[in-house]
Amino acid sequence: MRYVQFGRTGARVSEVAYGTDNLGNPHGADEETSRQILGTVLDAGINHIDTSDSYSDGNSENVIGKYLEGSGRRHEVFLTTKVRSRVGDGPNDVGASRYHILNGIDESLRRLRTDHVDLYLIHSFDSTTPVEETVRALDDVVRAGKARYVGCSNWAAWQLAHALWVSDVNNLARFECIQSEFNIVRPGLAVETIPLCILEKVAVTAYSPLGAGFLTGKHRPSGAESETKFGARDDARGGSLKRKYFDDYRFEVVEKLRSLAEESGQPMIRLALQWVRETPGVTSPIIGARRLDQIESTLEALSEDAPDDVMSRVREIAEEFARNTPVTYPPQVQAIPAVQAVST
């Protein structure tokens, strides 16, 4: 396993992280399987473990905390968790307010059975809370020793830039990382956010580098769906995944990657992950698994690199898709009110 600098910080993290939204999940891995997966991941040298207070209604944090405490491996891990999502029925059980952040970090630390996390992220943008309130609360979390670094997830470039400015002018802990979706068929992060992060030396961790399994080639434009997040779960998230990925343009990319994989003898997983990992400005893709054989096959794909000539063709496929497909911006970007002309 190779290790990379985490943005402008002195920390070093594995070139891939492990995302744990499947751990302790009734649709994912039970506790025993979760323990096996975590052990396999750490044994492979992956030191960055990513979770959230909302994953499996907090049970992901519970499972990780019990494993790390019982195994004595907490010191090996660069541990990330998040706050912002709804975690209860109360009016303040959601958001990026000072109230919710300070309650949230204490609850996460209790479940994780540790006195600090290494990275604490705001899970998505909260338009109802001033950014300065959010940044000041995170600064207090850092000063209290409950988090080493802070950052955000699923923020637009202008929102990240604003937060960096607020922390700069007020001498507060700044966002050292942004975590967002990024893969060959969802490349919008590279339009504005990644260039900003390169300029400001902000780490970029990319979730869904395989498109929640879409880029493994297991789905076809027609026919029965396999038992994945797309087919096994008839819920809002499953529907959202279908809307994001199931169209003719993206299936065309999958078929091109499938053909290249067969021709070159390289696994599709390797091609898709390596494309994300080699994108300038990306610190690490976040891989996931809900079964032990899934994480083992992903680790096998990561055990070596595809040749340069093969990756050149992968980049051509990705660039053609990006040229011919309109960029879809996050809803909060589309929601910015237009500047109104003023008569004088």
# chains A, B, ... in the order shown; residues from 1 in each chain; ligands from 1
call {"tool": "select_by_dssp", "arguments": {"residues": "stretch 56-245 of chain A", "states": "strand (DSSP E)", "output": "MDAnalysis selection string"}}
result
chainID A and resid 78:83 117:122 147:153 175:181 203:207
call {"tool": "select_by_dssp", "arguments": {"residues": "stretch 113-333 of chain A", "states": "helix (DSSP H, G or I)", "output": "ChimeraX atom specification"}}
result
/A:131-143,157-170,188-190,193-200,214-216,236-245,248-264,268-278,292-301,308-324,331-333
call {"tool": "residues_around", "arguments": {"residues": "A:Pro195", "least_positions_apart": "6", "cutoff": "10 Å", "atoms": "only C-alpha atoms", "output": "PyMOL selection string"}}
result
chain A and resi 157+189+201-202+280-281
call {"tool": "residues_around", "arguments": {"residues": "A:Phe321", "least_positions_apart": "6", "cutoff": "12 Å", "atoms": "only C-alpha atoms", "output": "list in words"}}
result
Asn183, Ile184, Val185, Arg186, Pro187, Gly188, Asp248, Tyr249, Arg250, Phe251, Glu252, Val253, Val254, Lys256, Val314, Arg315 and Val327 of chain A
